[in-house]
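Peer 1: File entry26.tsv follows (TSV, C-alpha atoms):
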chain	number	residue	atom	x	y	z
X	29	MET	CA	1.29	27.32	10.50
X	30	LYS	CA	2.33	24.97	13.28
X	31	GLN	CA	-1.30	24.29	14.08
X	32	LYS	CA	-1.93	23.34	10.43
X	33	ILE	CA	0.98	20.89	10.51
X	34	ASN	CA	-0.40	19.42	13.73
X	35	ILE	CA	-3.79	18.84	12.05
X	36	PHE	CA	-2.04	17.04	9.19
X	37	ILE	CA	0.12	14.84	11.41
X	38	SER	CA	-2.74	13.93	13.73
X	39	SER	CA	-5.10	12.96	10.91
X	40	ALA	CA	-2.48	11.16	8.80
X	41	PHE	CA	-0.41	9.28	11.39
X	42	SER	CA	-1.49	9.34	15.04
X	43	ASN	CA	-5.13	8.81	14.03
X	44	ASN	CA	-4.37	6.74	10.93
X	45	SER	CA	-7.72	5.51	9.65
X	46	THR	CA	-6.58	2.00	8.78
X	47	PHE	CA	-4.06	0.94	11.38
X	48	VAL	CA	-5.31	2.92	14.40
X	49	LEU	CA	-9.04	3.43	13.88
X	50	LEU	CA	-9.69	0.37	11.66
X	51	LEU	CA	-12.13	2.24	9.43
X	52	GLY	CA	-12.84	1.54	5.79
X	53	LEU	CA	-11.11	-1.82	5.64
X	54	CYS	CA	-13.26	-3.15	2.78
X	55	SER	CA	-11.69	-1.00	0.09
X	56	ILE	CA	-8.20	-1.32	1.58
X	57	LEU	CA	-8.40	-5.11	1.44
X	58	ALA	CA	-10.09	-5.30	-1.94
X	59	THR	CA	-7.96	-2.92	-3.99
X	60	SER	CA	-4.50	-3.59	-2.55
X	61	SER	CA	-3.68	-6.60	-4.72
X	62	SER	CA	-1.44	-4.49	-6.97
X	63	LEU	CA	0.38	-1.18	-6.56
X	64	SER	CA	-1.38	0.45	-9.52
X	65	SER	CA	-4.91	-0.19	-8.25
X	66	ALA	CA	-3.91	0.76	-4.69
X	67	VAL	CA	-2.57	4.14	-5.83
X	68	GLY	CA	-5.67	4.69	-7.96
X	69	MET	CA	-8.00	3.94	-5.07
X	70	GLY	CA	-5.96	6.04	-2.65
X	71	LEU	CA	-6.02	9.05	-4.96
X	72	ALA	CA	-9.76	8.68	-5.61
X	73	VAL	CA	-10.41	8.65	-1.86
X	74	MET	CA	-8.13	11.67	-1.47
X	75	ILE	CA	-10.05	13.73	-4.03
X	76	VAL	CA	-13.44	12.75	-2.58
X	77	LEU	CA	-12.39	13.37	1.02
X	78	MET	CA	-10.88	16.79	0.32
X	79	MET	CA	-13.89	17.87	-1.74
X	80	THR	CA	-16.50	16.69	0.79
X	81	ASN	CA	-14.61	18.15	3.76
X	82	LEU	CA	-14.34	21.49	1.97
X	83	ILE	CA	-17.99	21.61	0.88
X	84	ILE	CA	-19.34	20.51	4.27
X	85	SER	CA	-17.13	22.99	6.07
X	86	LEU	CA	-18.28	25.83	3.81
X	87	LEU	CA	-21.93	24.89	4.40
X	88	ARG	CA	-21.55	24.10	8.11
X	89	LYS	CA	-23.52	27.16	9.26
X	90	ILE	CA	-26.37	26.59	6.78
X	91	ILE	CA	-26.98	22.86	7.35
X	92	PRO	CA	-29.58	22.35	10.13
X	93	ALA	CA	-28.26	20.06	12.87
X	94	GLU	CA	-31.30	17.72	12.78
X	95	ILE	CA	-30.89	16.66	9.16
X	96	ARG	CA	-27.11	16.93	8.86
X	97	ILE	CA	-26.51	13.21	8.23
X	98	PRO	CA	-28.77	12.97	5.11
X	99	VAL	CA	-27.24	16.21	3.82
X	100	TYR	CA	-23.73	14.81	4.27
X	101	ILE	CA	-24.78	11.61	2.50
X	102	ILE	CA	-26.07	13.58	-0.50
X	103	ILE	CA	-22.91	15.71	-0.68
X	104	ILE	CA	-20.68	12.62	-0.44
X	105	ALA	CA	-22.71	10.63	-2.98
X	106	SER	CA	-22.72	13.50	-5.49
X	107	THR	CA	-18.96	13.96	-5.16
X	108	VAL	CA	-18.37	10.24	-5.64
X	109	THR	CA	-20.65	10.26	-8.70
X	110	VAL	CA	-18.63	13.11	-10.23
X	111	VAL	CA	-15.30	11.38	-9.50
X	112	ASP	CA	-16.68	8.10	-10.85
X	113	MET	CA	-17.83	9.73	-14.10
X	114	LEU	CA	-14.49	11.54	-14.54
X	115	MET	CA	-12.57	8.33	-13.92
X	116	LYS	CA	-14.76	6.40	-16.35
X	117	ALA	CA	-13.91	9.02	-18.99
X	118	PHE	CA	-10.18	9.43	-18.37
X	119	THR	CA	-9.00	6.21	-16.71
X	120	PRO	CA	-11.33	3.49	-18.06
X	121	GLU	CA	-9.01	0.53	-17.33
X	122	LEU	CA	-8.52	1.58	-13.71
X	123	THR	CA	-12.28	1.97	-13.27
X	124	ILE	CA	-12.77	-1.63	-14.41
X	125	THR	CA	-10.08	-2.85	-11.99
X	126	LEU	CA	-11.57	-0.96	-9.05
X	127	GLY	CA	-15.09	-2.06	-10.01
X	128	VAL	CA	-17.87	-1.51	-7.50
X	129	TYR	CA	-15.40	-0.43	-4.79
X	130	LEU	CA	-15.05	2.97	-6.45
X	131	GLN	CA	-18.74	3.73	-5.96
X	132	LEU	CA	-18.63	2.21	-2.51
X	133	ILE	CA	-16.47	5.14	-1.35
X	134	VAL	CA	-19.91	6.58	-0.47
X	135	VAL	CA	-20.33	4.18	2.42
X	136	ASN	CA	-16.68	4.35	3.47
X	137	CYS	CA	-16.86	5.18	7.18
X	138	ILE	CA	-13.75	7.42	7.03
X	139	ILE	CA	-15.46	10.08	4.93
X	140	MET	CA	-18.60	10.25	7.08
X	141	ALA	CA	-16.44	10.25	10.22
X	142	ARG	CA	-14.31	13.21	9.06
X	143	ALA	CA	-17.45	15.12	8.00
X	144	GLU	CA	-19.11	14.59	11.37
X	145	VAL	CA	-16.05	14.95	13.61
X	146	PHE	CA	-14.00	17.61	11.84
X	147	ALA	CA	-15.51	19.43	8.86
X	148	SER	CA	-18.79	20.27	10.59
X	149	LYS	CA	-16.94	22.21	13.31
X	150	ASN	CA	-13.88	23.76	11.63
X	151	LYS	CA	-12.87	26.39	9.07
X	152	PRO	CA	-12.66	25.43	5.35
X	153	LEU	CA	-8.85	25.56	5.12
X	154	ASP	CA	-8.38	23.45	8.25
X	155	SER	CA	-10.95	20.95	6.96
X	156	LEU	CA	-9.17	20.77	3.62
X	157	ILE	CA	-5.89	20.01	5.41
X	158	ASP	CA	-7.62	17.44	7.59
X	159	GLY	CA	-9.11	15.78	4.51
X	160	PHE	CA	-5.72	15.73	2.82
X	161	GLY	CA	-4.06	14.33	5.95
X	162	THR	CA	-6.62	11.58	6.51
X	163	ALA	CA	-6.50	10.57	2.85
X	164	PHE	CA	-2.69	10.67	2.95
X	165	GLY	CA	-2.76	8.23	5.87
X	166	TYR	CA	-5.15	6.03	3.88
X	167	LEU	CA	-2.88	6.22	0.81
X	168	ILE	CA	0.20	5.28	2.85
X	169	SER	CA	-1.57	2.29	4.43
X	170	ILE	CA	-2.98	0.99	1.16
X	171	ILE	CA	0.42	1.39	-0.56
X	172	VAL	CA	2.24	-0.47	2.25
X	173	LEU	CA	-0.26	-3.32	2.06
X	174	SER	CA	-0.12	-3.50	-1.75
X	175	LEU	CA	3.71	-3.40	-1.82
X	176	LEU	CA	3.89	-6.37	0.55
X	177	ARG	CA	1.20	-8.29	-1.34
X	178	GLU	CA	2.58	-7.63	-4.82
X	179	ILE	CA	6.24	-8.28	-3.96
X	180	ILE	CA	5.64	-11.45	-1.94
X	181	GLY	CA	2.90	-12.63	-4.27
X	182	THR	CA	4.53	-12.10	-7.66
X	183	GLY	CA	8.21	-11.42	-6.95
X	184	SER	CA	8.10	-8.20	-8.97
X	185	LEU	CA	6.74	-4.68	-8.79
X	186	THR	CA	4.91	-2.99	-11.65
X	187	PHE	CA	3.31	0.42	-11.91
X	188	VAL	CA	0.97	1.37	-14.75
X	189	ASN	CA	0.10	4.98	-15.53
X	190	PRO	CA	-3.73	5.00	-15.28
X	191	PHE	CA	-4.17	7.77	-17.88
X	192	THR	CA	-2.08	6.32	-20.71
X	193	ASN	CA	-1.93	2.65	-19.68
X	194	ALA	CA	1.82	2.69	-20.24
X	195	THR	CA	4.04	0.78	-17.83
X	196	VAL	CA	6.03	3.31	-15.79
X	197	PHE	CA	8.34	0.76	-14.20
X	198	SER	CA	8.50	-3.00	-13.82
X	199	TRP	CA	11.13	-4.35	-11.48
X	200	THR	CA	11.82	-8.00	-10.75
X	201	ILE	CA	12.72	-8.33	-7.06
X	202	PHE	CA	13.20	-12.11	-7.04
X	203	ASP	CA	12.46	-15.09	-9.25
X	204	ALA	CA	8.72	-15.65	-9.75
X	205	ARG	CA	9.23	-19.37	-8.96
X	206	TYR	CA	9.72	-18.46	-5.29
X	207	ALA	CA	6.69	-16.14	-5.11
X	208	ILE	CA	3.78	-17.08	-2.82
X	209	SER	CA	0.86	-16.40	-5.14
X	210	LEU	CA	-1.58	-16.83	-2.23
X	211	MET	CA	-0.60	-13.33	-1.07
X	212	VAL	CA	-2.18	-11.69	-4.11
X	213	SER	CA	-5.46	-13.53	-3.42
X	214	ASN	CA	-7.92	-12.56	-0.71
X	215	THR	CA	-6.29	-14.83	1.88
X	216	GLY	CA	-3.13	-12.76	1.59
X	217	ALA	CA	-5.06	-9.53	2.07
X	218	PHE	CA	-6.49	-10.62	5.42
X	219	LEU	CA	-3.27	-12.36	6.52
X	220	ILE	CA	-0.90	-9.48	5.75
X	221	LEU	CA	-3.19	-6.86	7.29
X	222	GLY	CA	-3.49	-9.03	10.42
X	223	LEU	CA	0.28	-9.46	10.69
X	224	LEU	CA	0.86	-5.73	10.06
X	225	LEU	CA	-1.59	-4.81	12.83
X	226	ALA	CA	0.13	-7.24	15.21
X	227	ALA	CA	3.53	-5.73	14.32
X	228	ILE	CA	2.23	-2.21	14.96
X	229	ASN	CA	0.72	-3.34	18.30
X	230	ALA	CA	4.02	-4.95	19.31
X	231	LEU	CA	5.94	-1.81	18.36
X	232	SER	CA	3.64	0.53	20.28
X	233	MET	CA	3.78	-1.78	23.32
X	234	LEU	CA	7.58	-1.70	23.13
X	235	ILE	CA	7.61	2.09	22.93
X	236	SER	CA	5.18	2.56	25.82
X	237	SER	CA	7.07	0.12	28.08
X	238	HIS	CA	10.30	1.92	27.23
X	239	LYS	CA	8.73	5.27	28.12
X	240	LYS	CA	7.41	3.84	31.39
X	241	ARG	CA	10.85	2.55	32.33
X	242	ARG	CA	12.45	5.91	31.58
X	243	LYS	CA	9.83	7.68	33.66
X	244	GLU	CA	10.42	5.29	36.58
X	245	ALA	CA	14.15	5.82	36.29
X	246	LEU	CA	13.62	9.59	36.36
X	247	ILE	CA	11.41	9.33	39.45
X	248	ALA	CA	13.99	7.11	41.19
X	249	LYS	CA	16.69	9.64	40.36
X	250	GLY	CA	14.53	12.51	41.66
X	251	GLY	CA	13.88	10.58	44.87
X	252	GLN	CA	17.61	10.23	45.54
X	253	GLY	CA	18.29	13.91	44.92
G	29	MET	CA	-27.49	-18.55	-15.25
G	30	GLY	CA	-29.81	-20.94	-13.47
G	31	ILE	CA	-31.34	-19.95	-10.16
G	32	VAL	CA	-29.55	-22.73	-8.24
G	33	THR	CA	-26.19	-21.75	-9.69
G	34	LEU	CA	-26.89	-18.14	-8.76
G	35	ILE	CA	-27.68	-19.10	-5.15
G	36	ILE	CA	-24.56	-21.25	-4.74
G	37	SER	CA	-22.26	-18.74	-6.37
G	38	ALA	CA	-23.64	-15.77	-4.42
G	39	MET	CA	-23.66	-17.56	-1.07
G	40	LEU	CA	-20.53	-19.71	-1.11
G	41	VAL	CA	-18.27	-19.34	-4.15
G	42	SER	CA	-18.05	-15.55	-4.11
G	43	ASN	CA	-18.99	-15.00	-0.50
G	44	VAL	CA	-19.47	-11.31	0.34
G	45	VAL	CA	-17.03	-11.11	3.22
G	46	LEU	CA	-14.42	-13.72	2.47
G	47	VAL	CA	-14.08	-13.36	-1.28
G	48	ARG	CA	-15.34	-9.85	-2.02
G	49	PHE	CA	-14.35	-8.03	1.20
G	50	LEU	CA	-17.73	-6.35	1.55
G	51	GLY	CA	-19.05	-5.70	5.05
G	52	THR	CA	-15.70	-6.25	6.72
G	53	CYS	CA	-16.38	-3.57	9.37
G	54	PRO	CA	-19.50	-5.17	10.93
G	55	PHE	CA	-17.91	-8.59	10.36
G	56	LEU	CA	-15.00	-7.68	12.64
G	57	GLY	CA	-17.01	-5.42	14.95
G	58	VAL	CA	-20.10	-7.46	15.81
G	59	SER	CA	-18.71	-10.99	15.95
G	60	LYS	CA	-17.56	-11.28	19.56
G	61	LYS	CA	-20.78	-13.06	20.63
G	62	ILE	CA	-22.87	-15.49	18.63
G	63	SER	CA	-26.20	-13.90	19.69
G	64	ASN	CA	-25.09	-10.51	18.34
G	65	ALA	CA	-23.88	-12.15	15.14
G	66	ILE	CA	-27.26	-13.77	14.51
G	67	GLY	CA	-29.07	-10.48	15.23
G	68	LEU	CA	-26.93	-8.49	12.82
G	69	GLY	CA	-27.10	-11.20	10.16
G	70	LEU	CA	-30.91	-11.37	10.24
G	71	ALA	CA	-31.22	-7.57	10.23
G	72	THR	CA	-28.92	-7.47	7.20
G	73	ILE	CA	-30.99	-10.03	5.29
G	74	PHE	CA	-34.13	-8.00	5.98
G	75	VAL	CA	-32.67	-4.63	4.96
G	76	VAL	CA	-30.81	-5.97	1.92
G	77	PHE	CA	-33.94	-7.68	0.61
G	78	PHE	CA	-36.23	-4.67	0.86
G	79	SER	CA	-33.74	-2.02	-0.16
G	80	SER	CA	-32.71	-3.93	-3.28
G	81	LEU	CA	-36.38	-4.34	-4.20
G	82	LEU	CA	-36.96	-0.60	-3.66
G	83	SER	CA	-33.90	0.44	-5.64
G	84	TYR	CA	-34.78	-2.02	-8.42
G	85	GLY	CA	-38.22	-0.45	-8.66
G	86	LEU	CA	-36.84	3.08	-8.54
G	87	TYR	CA	-34.30	2.37	-11.27
G	88	HIS	CA	-36.66	0.64	-13.69
G	89	LEU	CA	-39.76	2.77	-13.08
G	90	VAL	CA	-38.29	6.24	-12.55
G	91	LEU	CA	-34.62	6.68	-13.39
G	92	LYS	CA	-34.47	4.65	-16.61
G	93	PRO	CA	-37.60	6.10	-18.31
G	94	LEU	CA	-36.39	9.62	-17.47
G	95	GLY	CA	-32.82	8.94	-18.62
G	96	LEU	CA	-31.36	9.76	-15.20
G	97	GLU	CA	-29.21	6.63	-14.76
G	98	PHE	CA	-26.27	8.68	-13.47
G	99	LEU	CA	-28.30	9.56	-10.37
G	100	SER	CA	-28.55	5.91	-9.29
G	101	LEU	CA	-25.78	6.13	-6.67
G	102	VAL	CA	-27.24	9.22	-4.97
G	103	SER	CA	-30.82	7.94	-5.02
G	104	PHE	CA	-29.93	4.39	-3.85
G	105	ILE	CA	-28.01	5.57	-0.82
G	106	LEU	CA	-30.88	7.91	0.09
G	107	ILE	CA	-33.43	5.09	-0.29
G	108	ILE	CA	-31.34	2.80	1.91
G	109	ALA	CA	-30.78	5.42	4.61
G	110	SER	CA	-34.41	6.46	4.76
G	111	PHE	CA	-35.66	2.86	4.63
G	112	VAL	CA	-33.46	1.91	7.59
G	113	GLN	CA	-34.68	4.98	9.47
G	114	PHE	CA	-38.29	4.07	8.70
G	115	VAL	CA	-37.88	0.45	9.82
G	116	GLU	CA	-36.28	1.62	13.04
G	117	MET	CA	-39.16	3.99	13.82
G	118	PHE	CA	-41.77	1.38	12.85
G	119	LEU	CA	-40.25	-1.34	15.03
G	120	LYS	CA	-39.84	1.03	17.98
G	121	LYS	CA	-43.52	1.99	17.85
G	122	TYR	CA	-45.26	-1.27	16.97
G	123	ILE	CA	-42.96	-4.23	17.74
G	124	PRO	CA	-40.84	-3.08	20.70
G	125	SER	CA	-39.64	-6.60	21.55
G	126	LEU	CA	-38.15	-7.07	18.10
G	127	TYR	CA	-36.74	-3.55	18.26
G	128	ARG	CA	-34.86	-4.34	21.45
G	129	SER	CA	-33.20	-7.40	19.94
G	130	LEU	CA	-32.64	-6.10	16.40
G	131	GLY	CA	-32.87	-2.32	16.68
G	132	ILE	CA	-29.32	-1.56	17.76
G	133	TYR	CA	-27.97	-3.19	14.60
G	134	LEU	CA	-30.13	-1.21	12.19
G	135	PRO	CA	-28.16	2.08	12.20
G	136	LEU	CA	-25.00	0.05	11.61
G	137	ILE	CA	-26.48	-1.36	8.43
G	138	THR	CA	-26.78	2.01	6.66
G	139	THR	CA	-23.01	2.22	6.43
G	140	ASN	CA	-22.72	-1.46	5.57
G	141	CYS	CA	-21.33	-1.65	2.07
G	142	ILE	CA	-23.19	-4.92	1.35
G	143	VAL	CA	-26.53	-3.15	1.02
G	144	LEU	CA	-25.38	-0.52	-1.47
G	145	ALA	CA	-23.18	-2.97	-3.35
G	146	ILE	CA	-26.06	-5.40	-3.94
G	147	ALA	CA	-28.39	-2.60	-5.03
G	148	LEU	CA	-25.78	-1.40	-7.53
G	149	GLU	CA	-24.93	-4.90	-8.74
G	150	ASN	CA	-28.55	-5.87	-9.40
G	151	ILE	CA	-28.63	-2.99	-11.86
G	152	GLY	CA	-25.10	-3.50	-13.21
G	153	ASN	CA	-25.71	-7.19	-13.92
G	154	ASN	CA	-29.09	-6.51	-15.57
G	155	TYR	CA	-30.91	-8.91	-13.26
G	156	SER	CA	-34.63	-9.55	-13.66
G	157	LEU	CA	-36.94	-9.10	-10.68
G	158	VAL	CA	-36.75	-12.80	-9.71
G	159	GLU	CA	-32.97	-12.83	-10.04
G	160	THR	CA	-32.77	-9.64	-7.95
G	161	ILE	CA	-34.76	-11.26	-5.14
G	162	VAL	CA	-32.77	-14.50	-5.26
G	163	TYR	CA	-29.42	-12.74	-5.51
G	164	SER	CA	-30.01	-10.32	-2.65
G	165	LEU	CA	-31.36	-13.06	-0.37
G	166	SER	CA	-28.52	-15.49	-1.05
G	167	VAL	CA	-25.74	-12.90	-0.73
G	168	SER	CA	-27.02	-11.77	2.65
G	169	ALA	CA	-27.59	-15.39	3.72
G	170	GLY	CA	-23.92	-15.95	2.90
G	171	PHE	CA	-23.09	-13.04	5.19
G	172	LEU	CA	-25.15	-14.56	8.02
G	173	LEU	CA	-23.48	-17.96	7.53
G	174	VAL	CA	-19.94	-16.61	7.66
G	175	LEU	CA	-20.75	-14.27	10.55
G	176	ILE	CA	-22.06	-17.18	12.67
G	177	LEU	CA	-19.09	-19.42	11.83
G	178	PHE	CA	-16.65	-16.62	12.60
G	179	SER	CA	-18.26	-15.64	15.91
G	180	VAL	CA	-18.18	-19.26	17.09
G	181	ILE	CA	-14.45	-19.50	16.35
G	182	ARG	CA	-13.85	-16.13	18.01
G	183	GLU	CA	-15.73	-17.08	21.19
G	184	ARG	CA	-13.62	-20.21	21.43
G	185	ILE	CA	-10.34	-18.34	20.85
G	186	ASP	CA	-11.23	-15.70	23.43
G	187	SER	CA	-12.13	-18.33	26.02
G	188	LEU	CA	-8.79	-20.11	25.52
G	189	ASN	CA	-6.97	-16.87	26.35
G	190	ARG	CA	-3.70	-18.02	24.81
G	191	VAL	CA	-3.37	-15.36	22.11
G	192	PRO	CA	-0.06	-13.41	22.30
G	193	GLN	CA	-0.51	-9.86	23.58
G	194	ALA	CA	0.27	-8.16	20.25
G	195	PHE	CA	-2.20	-10.32	18.32
G	196	LYS	CA	-5.16	-9.71	20.65
G	197	GLY	CA	-8.29	-8.21	19.12
G	198	VAL	CA	-8.48	-7.39	15.43
G	199	ALA	CA	-5.08	-8.82	14.44
G	200	ILE	CA	-5.97	-12.41	15.36
G	201	ALA	CA	-9.48	-11.89	13.96
G	202	LEU	CA	-7.99	-10.99	10.56
G	203	ILE	CA	-5.74	-14.04	10.61
G	204	ILE	CA	-8.71	-16.30	11.46
G	205	THR	CA	-10.54	-14.71	8.52
G	206	ALA	CA	-7.55	-15.48	6.28
G	207	LEU	CA	-7.74	-19.14	7.30
G	208	MET	CA	-11.50	-19.15	6.64
G	209	THR	CA	-10.96	-17.75	3.14
G	210	MET	CA	-8.63	-20.68	2.44
G	211	ALA	CA	-11.39	-23.07	3.51
G	212	PHE	CA	-13.82	-21.27	1.21
G	213	PHE	CA	-11.45	-21.77	-1.73
G	214	GLY	CA	-12.80	-25.32	-1.67
G	215	PHE	CA	-16.15	-24.11	-2.99
G	216	GLN	CA	-14.56	-22.57	-6.05
G	217	GLY	CA	-14.97	-25.69	-8.17
G	218	LEU	CA	-18.74	-25.82	-7.54
G	219	VAL	CA	-19.83	-23.39	-10.23
Show this structure as structure tokens.

Peer 2:
Amino acid sequence: MKQKINIFISSAFSNNSTFVLLLGLCSILATSSSLSSAVGMGLAVMIVLMMTNLIISLLRKIIPAEIRIPVYIIIIASTVTVVDMLMKAFTPELTITLGVYLQLIVVNCIIMARAEVFASKNKPLDSLIDGFGTAFGYLISIIVLSLLREIIGTGSLTFVNPFTNATVFSWTIFDARYAISLMVSNTGAFLILGLLLAAINALSMLISSHKKRRKEALIAKGGQG
Amino acid sequence: MGIVTLIISAMLVSNVVLVRFLGTCPFLGVSKKISNAIGLGLATIFVVFFSSLLSYGLYHLVLKPLGLEFLSLVSFILIIASFVQFVEMFLKKYIPSLYRSLGIYLPLITTNCIVLAIALENIGNNYSLVETIVYSLSVSAGFLLVLILFSVIRERIDSLNRVPQAFKGVAIALIITALMTMAFFGFQGLV
């Protein structure tokens, strides 16, 4: 059980696809302009990633090593086609908002990377957990980015249920007159992701220097004793 | 839409990287040196042009008559991957000098969303053959243009060496991109 939790934590946080590995930025940047589309995209990626990881892991002993990449591509593309058709049928408005980015999940590097690095070598259940963890990390990153963009850009926060198109909640955080509408546009996407990355870098530098200092202090103490 | 309008809108007004976020990974990854940027940009133009022609042909000659439109995603990605593989093998065997300068970028292009996105859009927008050729050439030319501009700025920033520690690398690159998108807003009135 502990090992399973470790797989989840490593794939979701310490190897977070967006902020640590910088994979699949196209869809993160493009669909994070509002919370609703970000959640939709994140969940679509989650379904695709879990499905492909599971299928590839189940077939890992049958797929010949020489042609594994084309086989992975076909499995991923078929899964995305199925998800795309289902979403067109049940969440038509969301499909229009996500546009071509939904089908472009096929060329999202995260999915290929997890297939090659994890699912091709591990048991189905572990691969499923890894897929869930990686997609959870993706979902968290895209939600953080969309929250910042929507709140700063419009001054309010709205969430629309993609199945019924009913507004679940709509909160006004501050007066729309003070909103910086640039943040909802593409400039805001690049700017906020850049600032977030810098903040994460600064934080990890702070933590590592703190650890170093504690280690030095421990060594100094040991030297005295 | 006239051909000129199509070129301007595909290249500048809705630029692939800055406005539509496609191809962000190679844009950030292969822009540290201007020579690499030119190599990747030219390889992209080449692959985008031929793979959109191939997928256009496949869609209108095979998939549509047989009523298999839902297979377009699967078949396009296969066409692109095998075309890139074929070009790589061909260049390696017959034009080794070009392979050395361009070859390393080719595998990168398979996972470049620009190629698949253009192939899908040509079909989605119901473009004719001429429009397909013009559209795919001008979108990828827009990619080359932005990639060159960006790599020049990045070389200059790196040589100054005054970027704060936390902003080094991708963080400052994203902020430069944000400033470039603002500059590209100026083209919005053109079409």

Peer 1: Rounded to one decimal place, report the atom CA of X:Leu219-atom CA of G:Leu207 distance in Å.

Peer 2: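 So the two atoms, atom CA of X:Leu219 and atom CA of G:Leu207, lie 8.2 Å apart.
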
Peer 1: Give the residues of chain X that lie within 6 Å of chain G; count only C-alpha atoms, and format the answer as a list in words.

Peer 2: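 Putting it all together, I get Cys54, Ala58, Ala105, Val135, Thr215, Phe218, Leu219, Gly222, Leu225, Ala226, Asn229 and Ala230 of chain X.
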
Peer 1: Env of X:Ser213: 9 Å cut, atoms = all atoms listed in the file, seq-sep filter 4 positions within chain, self excluded. Answer as a ChimeraX atom specification.

Peer 2: /X:61,177,181,209,217 /G:47

Peer 1: How many Å separate atom CA of X:Glu121 from atom CA of X:Phe191?

Peer 2: 8.7 Å

Peer 1: Here is a test: counting all atoms listed in the file, which residue of X:Leu173, X:Leu50, X:Ile208, X:Leu167 is nearest to X:Gly70?

Peer 2: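 For X:Gly70, the nearest of the candidates is X:Leu167.
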
Peer 1: Quick one: residues within 9 Å of G:Leu218, only C-alpha atoms counted, chain neighbours fewer than 2 positions away excluded, as JSON, numbers by chain?

Peer 2: {"G": [33, 36, 37, 41, 214, 215, 216]}

Peer 1: Nearest to G:Ile137: which of X:Val67, X:Cys137, X:Val196, X:Ile91 is it, counting only C-alpha atoms?

Peer 2: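 Of X:Val67, X:Cys137, X:Val196, X:Ile91, the one nearest G:Ile137, counting only C-alpha atoms, is X:Cys137.
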
Peer 1: Please provide the set of residues having any atom within 8 Å of X:Phe164, restricted to only C-alpha atoms, with same-chain residues fewer than 3 positions apart removed, written as a PDB file with C-alpha atoms, in the frame of the given file.

Peer 2:
ATOM      1  CA  ALA X  40      -2.480  11.160   8.800  1.00  0.00           C
ATOM      2  CA  GLY X  70      -5.960   6.040  -2.650  1.00  0.00           C
ATOM      3  CA  MET X  74      -8.130  11.670  -1.470  1.00  0.00           C
ATOM      4  CA  PHE X 160      -5.720  15.730   2.820  1.00  0.00           C
ATOM      5  CA  GLY X 161      -4.060  14.330   5.950  1.00  0.00           C
ATOM      6  CA  LEU X 167      -2.880   6.220   0.810  1.00  0.00           C
ATOM      7  CA  ILE X 168       0.200   5.280   2.850  1.00  0.00           C
TER       8      ILE X 168
END

Peer 1: Is there a way to get, as a PyMOL selection string, all residues within 12 Å of the point (-33.2, -7.1, 8.5) in file coordinates, counting all atoms listed in the file?

Peer 2: chain G and resi 66-79+111-112+115-116+119+126-127+129-138+143+165+168-169+172
